[in-house]
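What's in protein28.cif: mmCIF, N, CA and C atoms and all ligand atoms
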data_target
#
loop_
_atom_site.label_atom_id
_atom_site.label_comp_id
_atom_site.auth_asym_id
_atom_site.auth_seq_id
_atom_site.Cartn_x
_atom_site.Cartn_y
_atom_site.Cartn_z
N MET A 1 -194.07 -24.05 60.56
CA MET A 1 -193.23 -23.25 59.66
C MET A 1 -192.69 -22.02 60.39
N ASP A 2 -193.26 -21.67 61.57
CA ASP A 2 -192.76 -20.50 62.31
C ASP A 2 -191.28 -20.62 62.63
N SER A 3 -190.82 -21.84 62.84
CA SER A 3 -189.44 -22.02 63.27
C SER A 3 -188.44 -21.63 62.18
N SER A 4 -188.91 -21.49 60.94
CA SER A 4 -187.98 -21.14 59.87
C SER A 4 -187.58 -19.67 59.92
N VAL A 5 -188.37 -18.84 60.55
CA VAL A 5 -188.06 -17.40 60.55
C VAL A 5 -186.76 -17.09 61.31
N PRO A 6 -186.59 -17.58 62.54
CA PRO A 6 -185.32 -17.31 63.23
C PRO A 6 -184.11 -17.85 62.46
N LEU A 7 -184.28 -18.97 61.79
CA LEU A 7 -183.17 -19.54 61.03
C LEU A 7 -182.73 -18.59 59.92
N VAL A 8 -183.71 -18.00 59.22
CA VAL A 8 -183.38 -17.06 58.15
C VAL A 8 -182.64 -15.87 58.72
N LEU A 9 -183.12 -15.35 59.87
CA LEU A 9 -182.44 -14.20 60.49
C LEU A 9 -181.01 -14.56 60.86
N LEU A 10 -180.84 -15.75 61.40
CA LEU A 10 -179.51 -16.20 61.81
C LEU A 10 -178.58 -16.27 60.60
N LEU A 11 -179.08 -16.80 59.49
CA LEU A 11 -178.26 -16.91 58.28
C LEU A 11 -177.86 -15.53 57.78
N LEU A 12 -178.81 -14.59 57.82
CA LEU A 12 -178.52 -13.23 57.37
C LEU A 12 -177.43 -12.61 58.24
N MET A 13 -177.56 -12.82 59.56
CA MET A 13 -176.57 -12.25 60.48
C MET A 13 -175.19 -12.85 60.22
N CYS A 14 -175.15 -14.15 60.07
CA CYS A 14 -173.87 -14.82 59.84
C CYS A 14 -173.20 -14.30 58.58
N SER A 15 -173.97 -14.18 57.50
CA SER A 15 -173.35 -13.80 56.24
C SER A 15 -172.82 -12.38 56.30
N SER A 16 -173.46 -11.50 57.08
CA SER A 16 -172.94 -10.14 57.14
C SER A 16 -171.72 -10.06 58.05
N ILE A 17 -171.64 -10.92 59.07
CA ILE A 17 -170.49 -10.90 59.96
C ILE A 17 -169.25 -11.45 59.24
N MET A 18 -169.43 -12.47 58.43
CA MET A 18 -168.27 -13.14 57.84
C MET A 18 -167.72 -12.42 56.60
N VAL A 19 -168.32 -11.34 56.20
CA VAL A 19 -167.92 -10.53 55.05
C VAL A 19 -167.46 -11.37 53.85
N GLU A 20 -168.16 -12.48 53.61
CA GLU A 20 -167.81 -13.25 52.44
C GLU A 20 -168.45 -12.63 51.21
N ALA A 21 -167.79 -12.77 50.12
CA ALA A 21 -168.26 -12.13 48.90
C ALA A 21 -168.32 -13.16 47.79
N GLN A 22 -168.92 -12.75 46.70
CA GLN A 22 -169.00 -13.61 45.53
C GLN A 22 -168.05 -13.10 44.46
N LEU A 23 -167.30 -14.04 43.91
CA LEU A 23 -166.36 -13.69 42.84
C LEU A 23 -166.86 -14.26 41.52
N LYS A 24 -166.76 -13.46 40.48
CA LYS A 24 -167.02 -13.94 39.13
C LYS A 24 -165.84 -13.53 38.25
N VAL A 25 -165.29 -14.49 37.52
CA VAL A 25 -164.18 -14.23 36.60
C VAL A 25 -164.67 -14.54 35.20
N TYR A 26 -164.49 -13.59 34.27
CA TYR A 26 -165.08 -13.77 32.94
C TYR A 26 -164.33 -12.95 31.90
N ASP A 27 -164.77 -13.10 30.66
CA ASP A 27 -164.17 -12.38 29.53
C ASP A 27 -162.67 -12.64 29.44
N LEU A 28 -162.30 -13.92 29.50
CA LEU A 28 -160.89 -14.29 29.37
C LEU A 28 -160.50 -14.29 27.89
N ARG A 29 -159.47 -13.54 27.58
CA ARG A 29 -158.95 -13.46 26.22
C ARG A 29 -157.44 -13.44 26.29
N ALA A 30 -156.80 -13.88 25.23
CA ALA A 30 -155.35 -13.76 25.17
C ALA A 30 -154.97 -13.22 23.81
N THR A 31 -153.85 -12.52 23.76
CA THR A 31 -153.37 -11.98 22.48
C THR A 31 -151.89 -12.30 22.33
N ASP A 32 -151.50 -12.55 21.07
CA ASP A 32 -150.09 -12.78 20.70
C ASP A 32 -149.44 -13.90 21.49
N LEU A 33 -150.18 -14.99 21.70
CA LEU A 33 -149.57 -16.12 22.41
C LEU A 33 -148.44 -16.71 21.56
N PRO A 34 -147.37 -17.15 22.20
CA PRO A 34 -146.23 -17.69 21.44
C PRO A 34 -146.52 -19.09 20.93
N THR A 35 -145.83 -19.47 19.90
CA THR A 35 -145.89 -20.83 19.39
C THR A 35 -144.73 -21.59 20.01
N VAL A 36 -145.03 -22.41 20.99
CA VAL A 36 -143.96 -23.04 21.76
C VAL A 36 -143.71 -24.47 21.31
N VAL A 37 -144.76 -25.23 21.13
CA VAL A 37 -144.61 -26.65 20.87
C VAL A 37 -145.39 -27.03 19.61
N LEU A 38 -144.79 -27.81 18.75
CA LEU A 38 -145.47 -28.39 17.59
C LEU A 38 -146.10 -27.35 16.66
N LEU A 39 -145.60 -26.12 16.73
CA LEU A 39 -145.97 -25.06 15.79
C LEU A 39 -147.44 -24.66 15.83
N THR A 40 -148.18 -25.06 16.86
CA THR A 40 -149.51 -24.50 17.06
C THR A 40 -149.63 -24.07 18.51
N THR A 41 -150.53 -23.15 18.76
CA THR A 41 -150.81 -22.74 20.12
C THR A 41 -152.21 -23.19 20.47
N ASP A 42 -152.30 -24.14 21.39
CA ASP A 42 -153.59 -24.70 21.81
C ASP A 42 -153.76 -24.35 23.28
N ALA A 43 -154.33 -23.21 23.53
CA ALA A 43 -154.27 -22.64 24.88
C ALA A 43 -155.52 -22.90 25.69
N TYR A 44 -155.32 -23.01 27.00
CA TYR A 44 -156.42 -23.02 27.95
C TYR A 44 -155.94 -22.37 29.23
N VAL A 45 -156.90 -22.03 30.10
CA VAL A 45 -156.58 -21.30 31.33
C VAL A 45 -157.16 -22.05 32.52
N LYS A 46 -156.33 -22.20 33.58
CA LYS A 46 -156.81 -22.74 34.85
C LYS A 46 -156.99 -21.59 35.83
N VAL A 47 -158.14 -21.60 36.52
CA VAL A 47 -158.47 -20.51 37.44
C VAL A 47 -158.54 -21.07 38.85
N SER A 48 -157.88 -20.39 39.79
CA SER A 48 -157.92 -20.85 41.18
C SER A 48 -157.81 -19.67 42.14
N SER A 49 -158.12 -19.97 43.39
CA SER A 49 -157.92 -18.99 44.47
C SER A 49 -157.39 -19.76 45.66
N GLY A 50 -156.20 -19.42 46.10
CA GLY A 50 -155.56 -20.21 47.16
C GLY A 50 -155.42 -21.64 46.70
N PHE A 51 -155.89 -22.59 47.52
CA PHE A 51 -155.78 -24.00 47.15
C PHE A 51 -157.04 -24.50 46.43
N THR A 52 -157.99 -23.63 46.19
CA THR A 52 -159.25 -24.03 45.58
C THR A 52 -159.24 -23.80 44.07
N SER A 53 -159.54 -24.86 43.34
CA SER A 53 -159.65 -24.73 41.89
C SER A 53 -161.05 -24.25 41.54
N LEU A 54 -161.12 -23.24 40.69
CA LEU A 54 -162.42 -22.76 40.21
C LEU A 54 -162.76 -23.39 38.87
N GLY A 55 -161.81 -24.11 38.29
CA GLY A 55 -162.06 -24.80 37.03
C GLY A 55 -161.09 -24.36 35.95
N LYS A 56 -161.34 -24.87 34.75
CA LYS A 56 -160.50 -24.45 33.63
C LYS A 56 -161.35 -24.26 32.38
N THR A 57 -160.80 -23.51 31.45
CA THR A 57 -161.51 -23.24 30.20
C THR A 57 -161.34 -24.44 29.27
N SER A 58 -162.08 -24.41 28.17
CA SER A 58 -161.84 -25.36 27.09
C SER A 58 -160.53 -24.99 26.39
N VAL A 59 -160.05 -25.88 25.54
CA VAL A 59 -158.83 -25.62 24.76
C VAL A 59 -159.25 -24.92 23.46
N ARG A 60 -158.57 -23.82 23.15
CA ARG A 60 -158.78 -23.16 21.85
C ARG A 60 -157.63 -23.58 20.94
N TYR A 61 -157.96 -24.43 19.96
CA TYR A 61 -156.93 -25.04 19.14
C TYR A 61 -156.40 -24.09 18.07
N ASN A 62 -155.10 -24.11 17.91
CA ASN A 62 -154.42 -23.38 16.84
C ASN A 62 -154.88 -21.92 16.77
N ASP A 63 -154.84 -21.27 17.90
CA ASP A 63 -155.33 -19.89 17.98
C ASP A 63 -154.41 -19.10 18.91
N ALA A 64 -153.67 -18.16 18.34
CA ALA A 64 -152.75 -17.35 19.13
C ALA A 64 -153.47 -16.18 19.82
N ASN A 65 -154.74 -15.96 19.44
CA ASN A 65 -155.53 -14.87 20.03
C ASN A 65 -156.89 -15.39 20.49
N PRO A 66 -156.88 -16.34 21.40
CA PRO A 66 -158.14 -17.01 21.77
C PRO A 66 -159.02 -16.17 22.69
N TRP A 67 -160.30 -16.49 22.63
CA TRP A 67 -161.27 -15.92 23.55
C TRP A 67 -162.05 -17.10 24.15
N TRP A 68 -162.24 -17.05 25.46
CA TRP A 68 -162.95 -18.14 26.13
C TRP A 68 -164.26 -17.61 26.70
N GLU A 69 -165.34 -18.36 26.46
CA GLU A 69 -166.65 -17.88 26.91
C GLU A 69 -166.99 -18.33 28.33
N GLU A 70 -166.18 -19.21 28.91
CA GLU A 70 -166.49 -19.71 30.24
C GLU A 70 -166.43 -18.60 31.30
N GLU A 71 -167.33 -18.75 32.29
CA GLU A 71 -167.29 -17.86 33.45
C GLU A 71 -167.04 -18.71 34.68
N PHE A 72 -166.34 -18.15 35.64
CA PHE A 72 -166.01 -18.89 36.86
C PHE A 72 -166.56 -18.13 38.05
N SER A 73 -167.27 -18.87 38.90
CA SER A 73 -167.85 -18.24 40.09
C SER A 73 -167.34 -18.93 41.34
N TYR A 74 -167.26 -18.15 42.40
CA TYR A 74 -166.81 -18.69 43.68
C TYR A 74 -167.47 -17.86 44.77
N PHE A 75 -168.09 -18.54 45.73
CA PHE A 75 -168.87 -17.81 46.72
C PHE A 75 -168.12 -17.63 48.02
N ASN A 76 -167.18 -18.52 48.28
CA ASN A 76 -166.52 -18.54 49.59
C ASN A 76 -165.21 -17.77 49.50
N ILE A 77 -165.31 -16.47 49.28
CA ILE A 77 -164.10 -15.70 49.01
C ILE A 77 -164.21 -14.33 49.67
N LYS A 78 -163.06 -13.74 49.98
CA LYS A 78 -163.04 -12.45 50.66
C LYS A 78 -162.14 -11.47 49.91
N GLU A 79 -162.35 -10.21 50.24
CA GLU A 79 -161.45 -9.18 49.75
C GLU A 79 -160.02 -9.54 50.17
N ASN A 80 -159.07 -9.29 49.29
CA ASN A 80 -157.64 -9.54 49.53
C ASN A 80 -157.24 -11.01 49.35
N ASP A 81 -158.20 -11.89 49.10
CA ASP A 81 -157.82 -13.24 48.68
C ASP A 81 -157.14 -13.13 47.31
N THR A 82 -156.38 -14.16 46.95
CA THR A 82 -155.64 -14.11 45.70
C THR A 82 -156.35 -14.88 44.60
N LEU A 83 -156.42 -14.27 43.43
CA LEU A 83 -156.92 -14.94 42.23
C LEU A 83 -155.71 -15.33 41.39
N THR A 84 -155.68 -16.59 40.94
CA THR A 84 -154.57 -17.06 40.12
C THR A 84 -155.10 -17.60 38.80
N LEU A 85 -154.54 -17.13 37.70
CA LEU A 85 -154.88 -17.66 36.38
C LEU A 85 -153.59 -18.18 35.75
N LYS A 86 -153.62 -19.43 35.32
CA LYS A 86 -152.45 -20.04 34.68
C LYS A 86 -152.80 -20.38 33.24
N VAL A 87 -152.00 -19.88 32.32
CA VAL A 87 -152.25 -20.12 30.90
C VAL A 87 -151.33 -21.25 30.43
N TYR A 88 -151.93 -22.27 29.81
CA TYR A 88 -151.17 -23.42 29.33
C TYR A 88 -151.32 -23.58 27.82
N ASP A 89 -150.30 -24.16 27.23
CA ASP A 89 -150.36 -24.59 25.83
C ASP A 89 -150.41 -26.12 25.85
N LEU A 90 -151.47 -26.67 25.30
CA LEU A 90 -151.67 -28.12 25.31
C LEU A 90 -150.56 -28.81 24.53
N ASP A 91 -150.02 -29.87 25.10
CA ASP A 91 -148.99 -30.66 24.44
C ASP A 91 -149.32 -32.12 24.68
N LEU A 92 -148.73 -32.99 23.88
CA LEU A 92 -149.06 -34.42 24.01
C LEU A 92 -148.58 -34.99 25.33
N VAL A 93 -147.46 -34.50 25.83
CA VAL A 93 -146.89 -35.08 27.04
C VAL A 93 -147.13 -34.16 28.24
N PHE A 94 -146.41 -33.03 28.25
CA PHE A 94 -146.61 -32.08 29.34
C PHE A 94 -147.12 -30.76 28.76
N ASP A 95 -148.21 -30.27 29.31
CA ASP A 95 -148.70 -28.98 28.85
C ASP A 95 -147.72 -27.89 29.30
N ASP A 96 -147.46 -26.98 28.40
CA ASP A 96 -146.45 -25.97 28.63
C ASP A 96 -147.08 -24.75 29.31
N LEU A 97 -146.54 -24.38 30.45
CA LEU A 97 -147.05 -23.22 31.18
C LEU A 97 -146.52 -21.94 30.53
N LEU A 98 -147.42 -21.14 29.99
CA LEU A 98 -147.00 -19.91 29.29
C LEU A 98 -146.84 -18.73 30.25
N GLY A 99 -147.58 -18.77 31.35
CA GLY A 99 -147.47 -17.67 32.30
C GLY A 99 -148.50 -17.78 33.40
N VAL A 100 -148.23 -17.10 34.50
CA VAL A 100 -149.11 -17.11 35.66
C VAL A 100 -149.50 -15.68 36.01
N CYS A 101 -150.78 -15.47 36.25
CA CYS A 101 -151.27 -14.15 36.64
C CYS A 101 -151.86 -14.26 38.04
N LYS A 102 -151.30 -13.50 38.98
CA LYS A 102 -151.81 -13.50 40.35
C LYS A 102 -152.25 -12.10 40.70
N ARG A 103 -153.35 -12.01 41.41
CA ARG A 103 -153.85 -10.69 41.79
C ARG A 103 -154.59 -10.75 43.10
N LYS A 104 -154.35 -9.79 43.95
CA LYS A 104 -155.10 -9.65 45.20
C LYS A 104 -156.42 -8.97 44.87
N LEU A 105 -157.53 -9.61 45.28
CA LEU A 105 -158.85 -9.15 44.87
C LEU A 105 -159.34 -7.95 45.66
N LYS A 106 -159.98 -7.03 44.96
CA LYS A 106 -160.63 -5.90 45.59
C LYS A 106 -162.11 -5.93 45.23
N VAL A 107 -162.94 -5.31 46.06
CA VAL A 107 -164.37 -5.26 45.79
C VAL A 107 -164.61 -4.34 44.59
N GLY A 108 -165.42 -4.84 43.65
CA GLY A 108 -165.72 -4.05 42.46
C GLY A 108 -165.50 -4.87 41.22
N THR A 109 -165.53 -4.23 40.08
CA THR A 109 -165.29 -4.89 38.79
C THR A 109 -164.03 -4.30 38.18
N TYR A 110 -163.11 -5.17 37.79
CA TYR A 110 -161.83 -4.72 37.26
C TYR A 110 -161.46 -5.54 36.03
N GLN A 111 -160.86 -4.87 35.07
CA GLN A 111 -160.33 -5.54 33.89
C GLN A 111 -158.82 -5.42 33.93
N HIS A 112 -158.13 -6.54 33.69
CA HIS A 112 -156.68 -6.53 33.80
C HIS A 112 -156.02 -7.15 32.57
N ASP A 113 -154.83 -6.68 32.28
CA ASP A 113 -153.96 -7.28 31.27
C ASP A 113 -152.76 -7.84 32.02
N CYS A 114 -152.43 -9.08 31.73
CA CYS A 114 -151.33 -9.74 32.44
C CYS A 114 -150.34 -10.25 31.40
N PHE A 115 -149.10 -9.81 31.50
CA PHE A 115 -148.08 -10.21 30.54
C PHE A 115 -147.52 -11.58 30.93
N LEU A 116 -147.53 -12.50 30.00
CA LEU A 116 -147.11 -13.88 30.27
C LEU A 116 -145.61 -14.02 30.05
N THR A 117 -144.97 -14.80 30.91
CA THR A 117 -143.50 -14.87 30.86
C THR A 117 -143.00 -15.43 29.54
N LYS A 118 -143.76 -16.31 28.90
CA LYS A 118 -143.29 -16.88 27.63
C LYS A 118 -143.81 -16.11 26.42
N GLY A 119 -144.45 -14.98 26.65
CA GLY A 119 -144.93 -14.15 25.55
C GLY A 119 -146.44 -14.09 25.49
N GLY A 120 -146.96 -12.99 24.99
CA GLY A 120 -148.40 -12.82 24.89
C GLY A 120 -148.97 -12.20 26.15
N THR A 121 -150.26 -11.91 26.06
CA THR A 121 -150.95 -11.21 27.15
C THR A 121 -152.27 -11.90 27.43
N LEU A 122 -152.59 -12.06 28.71
CA LEU A 122 -153.91 -12.56 29.10
C LEU A 122 -154.74 -11.37 29.57
N HIS A 123 -155.95 -11.25 29.04
CA HIS A 123 -156.88 -10.21 29.47
C HIS A 123 -158.03 -10.90 30.19
N TYR A 124 -158.46 -10.34 31.31
CA TYR A 124 -159.59 -10.93 32.03
C TYR A 124 -160.29 -9.85 32.85
N THR A 125 -161.51 -10.18 33.23
CA THR A 125 -162.29 -9.27 34.06
C THR A 125 -162.79 -10.05 35.27
N TYR A 126 -162.83 -9.39 36.42
CA TYR A 126 -163.45 -10.04 37.58
C TYR A 126 -164.36 -9.06 38.28
N THR A 127 -165.36 -9.63 38.94
CA THR A 127 -166.25 -8.85 39.79
C THR A 127 -166.26 -9.49 41.17
N LEU A 128 -165.98 -8.71 42.18
CA LEU A 128 -166.07 -9.19 43.56
C LEU A 128 -167.09 -8.31 44.26
N GLY A 129 -168.10 -8.95 44.83
CA GLY A 129 -169.12 -8.13 45.51
C GLY A 129 -170.10 -8.99 46.25
C1 LIG B 201 -157.53 -5.59 52.37
O1 LIG B 201 -156.31 -4.88 52.27
C2 LIG B 201 -156.44 -3.47 52.45
C3 LIG B 201 -155.09 -2.84 52.21
O2 LIG B 201 -154.06 -3.61 52.74
C4 LIG B 201 -157.01 -3.18 53.86
O3 LIG B 201 -157.18 -1.80 54.03
C5 LIG B 201 -158.35 -3.90 54.00
O4 LIG B 201 -158.85 -3.72 55.32
C6 LIG B 201 -158.21 -5.38 53.70
N1 LIG B 201 -159.54 -6.00 53.72
C7 LIG B 201 -159.81 -7.13 54.38
C8 LIG B 201 -161.20 -7.65 54.28
O5 LIG B 201 -158.95 -7.75 55.01
#

Written as structure tokens, that's how I'd like the structure from this file.
Amino acid sequence: MDSSVPLVLLLLMCSSIMVEAQLKVYDLRATDLPTVVLLTTDAYVKVSSGFTSLGKTSVRYNDANPWWEEEFSYFNIKENDTLTLKVYDLDLVFDDLLGVCKRKLKVGTYQHDCFLTKGGTLHYTYTLG
């Protein structure tokens, strides 16, 4: 078991050199979403960073002011990487993109309001550290 000690030290050294951080995205809410298709707003949010998908929320049916309880975590991320949130309205054929929120990440915890191009606002919080 002695051989495991240098390995732990090596891992610690690597992680401090690569300045990788952990991202958590949470408390996603939207207000005043527009009614675009079929007279209901069935919204969900896709979360990504660069080409990596962090996942998507559930659909909140017939709710113009939805709140999503999902949290999204990502470990392989750095300061100044981009966080992208895309808000969609579920439709039978093509889901309608209500707006895109992009932000360059900083270390710390931040709450943001993002105005969607088709109306309404997405509120979210992230922690990078
Ligand atoms: C992120 O961007 C800021 C401002 O442009 C810069 O000062 C900082 O060094 C950058 N951080 C990293 C990890 O690249």

Long-range neighbours of Val47 of chain A as number ranges by chain, 12 Å cut-off, only C-alpha atoms, 3 positions minimum in chain: A: 23-26, 28, 44, 50-58, 70-74, 82-88, 100-103, 124, 126

Pull the alpha helix (DSSP H) assignments for segment 4-113 of chain A out of DSSP run on the backbone, and list those residues as a ChimeraX atom specification. /A:4-17

Kindly give the distance, in Å, that separates atom CA of Ala64 of chain A and atom CA of Ser48 of chain A, rounded to a single decimal.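 For atom CA of Ala64 of chain A relative to atom CA of Ser48 of chain A, the distance reads 22.9 Å.
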
Within 9 Å of ligand LIG 201 (chain B) (only C-alpha atoms and all ligand atoms), residues as a VMD selection string: chain A and resid 19 to 20 78 to 81 104 to 106

Restricting the output to N, CA and C atoms, write the selected residues as a PDB file, keeping the file's coordinate frame.
ATOM      1  N   VAL A  19    -168.320 -11.340  56.200  1.00  0.00           N
ATOM      2  CA  VAL A  19    -167.920 -10.530  55.050  1.00  0.00           C
ATOM      3  C   VAL A  19    -167.460 -11.370  53.850  1.00  0.00           C
ATOM      4  N   GLU A  20    -168.160 -12.480  53.610  1.00  0.00           N
ATOM      5  CA  GLU A  20    -167.810 -13.250  52.440  1.00  0.00           C
ATOM      6  C   GLU A  20    -168.450 -12.630  51.210  1.00  0.00           C
ATOM      7  N   LYS A  78    -163.060 -13.740  49.980  1.00  0.00           N
ATOM      8  CA  LYS A  78    -163.040 -12.450  50.660  1.00  0.00           C
ATOM      9  C   LYS A  78    -162.140 -11.470  49.910  1.00  0.00           C
ATOM     10  N   GLU A  79    -162.350 -10.210  50.240  1.00  0.00           N
ATOM     11  CA  GLU A  79    -161.450  -9.180  49.750  1.00  0.00           C
ATOM     12  C   GLU A  79    -160.020  -9.540  50.170  1.00  0.00           C
ATOM     13  N   ASN A  80    -159.070  -9.290  49.290  1.00  0.00           N
ATOM     14  CA  ASN A  80    -157.640  -9.540  49.530  1.00  0.00           C
ATOM     15  C   ASN A  80    -157.240 -11.010  49.350  1.00  0.00           C
ATOM     16  N   ASP A  81    -158.200 -11.890  49.100  1.00  0.00           N
ATOM     17  CA  ASP A  81    -157.820 -13.240  48.680  1.00  0.00           C
ATOM     18  C   ASP A  81    -157.140 -13.130  47.310  1.00  0.00           C
ATOM     19  N   LYS A 104    -154.350  -9.790  43.950  1.00  0.00           N
ATOM     20  CA  LYS A 104    -155.100  -9.650  45.200  1.00  0.00           C
ATOM     21  C   LYS A 104    -156.420  -8.970  44.870  1.00  0.00           C
ATOM     22  N   LEU A 105    -157.530  -9.610  45.280  1.00  0.00           N
ATOM     23  CA  LEU A 105    -158.850  -9.150  44.870  1.00  0.00           C
ATOM     24  C   LEU A 105    -159.340  -7.950  45.660  1.00  0.00           C
ATOM     25  N   LYS A 106    -159.980  -7.030  44.960  1.00  0.00           N
ATOM     26  CA  LYS A 106    -160.630  -5.900  45.590  1.00  0.00           C
ATOM     27  C   LYS A 106    -162.110  -5.930  45.230  1.00  0.00           C
TER      28      LYS A 106
END

Could you pull out the strand (DSSP E) residues of segment 11-125 of chain A, going by DSSP on the backbone, and write them as number ranges by chain? A: 21-31, 43-49, 52-56, 67-68, 72-77, 82-89, 96-104, 108-115, 121-125

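Atom pair atom CA of Thr40 of chain A / atom CA of Asp113 of chain A has a distance of 22.8 Å (rounded to one decimal).
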
Can you work out the spacing between atom CA of Gly108 of chain A and atom CA of His123 of chain A in Å, to one decimal? 16.9 Å

Using all atoms listed in the file: which of A:Val45, A:Thr109, A:Glu69, A:Arg60 has the shortest distance to Thr125 of chain A: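 Checking each candidate against Thr125 of chain A, we get A:Thr109 as the closest.
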
Could you work out an axis-aligned box for segment 64-75 of chain A, taking every atom the file lists and adding 6 Å on each side, and report centre and edge lengths in Å to one decimal, as AutoDock Vina command-line options?
--center_x -160.8 --center_y -17.3 --center_z 33.2 --size_x 28.1 --size_y 16.8 --size_z 41.7

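Once all atoms listed in the file are considered, the residues situated within 5 Å of the file point (-168.9, -15.0, 49.5) turn out to be Glu20, Ala21, Gln22, Phe75, Asn76 and Ile77 of chain A.
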
Next, write the just-selected residues to a file, as a compact mmCIF listing (two decimals), in the coordinates of the input, keeping N, CA and C atoms as the atom set.
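The resulting selection.txt:
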# COMPACT_ATOMS: atom_id res chain seq x y z
N GLU A 20 -168.16 -12.48 53.61
CA GLU A 20 -167.81 -13.25 52.44
C GLU A 20 -168.45 -12.63 51.21
N ALA A 21 -167.79 -12.77 50.12
CA ALA A 21 -168.26 -12.13 48.90
C ALA A 21 -168.32 -13.16 47.79
N GLN A 22 -168.92 -12.75 46.70
CA GLN A 22 -169.00 -13.61 45.53
C GLN A 22 -168.05 -13.10 44.46
N PHE A 75 -168.09 -18.54 45.73
CA PHE A 75 -168.87 -17.81 46.72
C PHE A 75 -168.12 -17.63 48.02
N ASN A 76 -167.18 -18.52 48.28
CA ASN A 76 -166.52 -18.54 49.59
C ASN A 76 -165.21 -17.77 49.50
N ILE A 77 -165.31 -16.47 49.28
CA ILE A 77 -164.10 -15.70 49.01
C ILE A 77 -164.21 -14.33 49.67

Nearest-residue call for Val59 of chain A, choices A:Gly129, A:Thr35, A:Asp96, A:Asp42, using only C-alpha atoms: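 Closest to Val59 of chain A of all the choices is A:Asp42.
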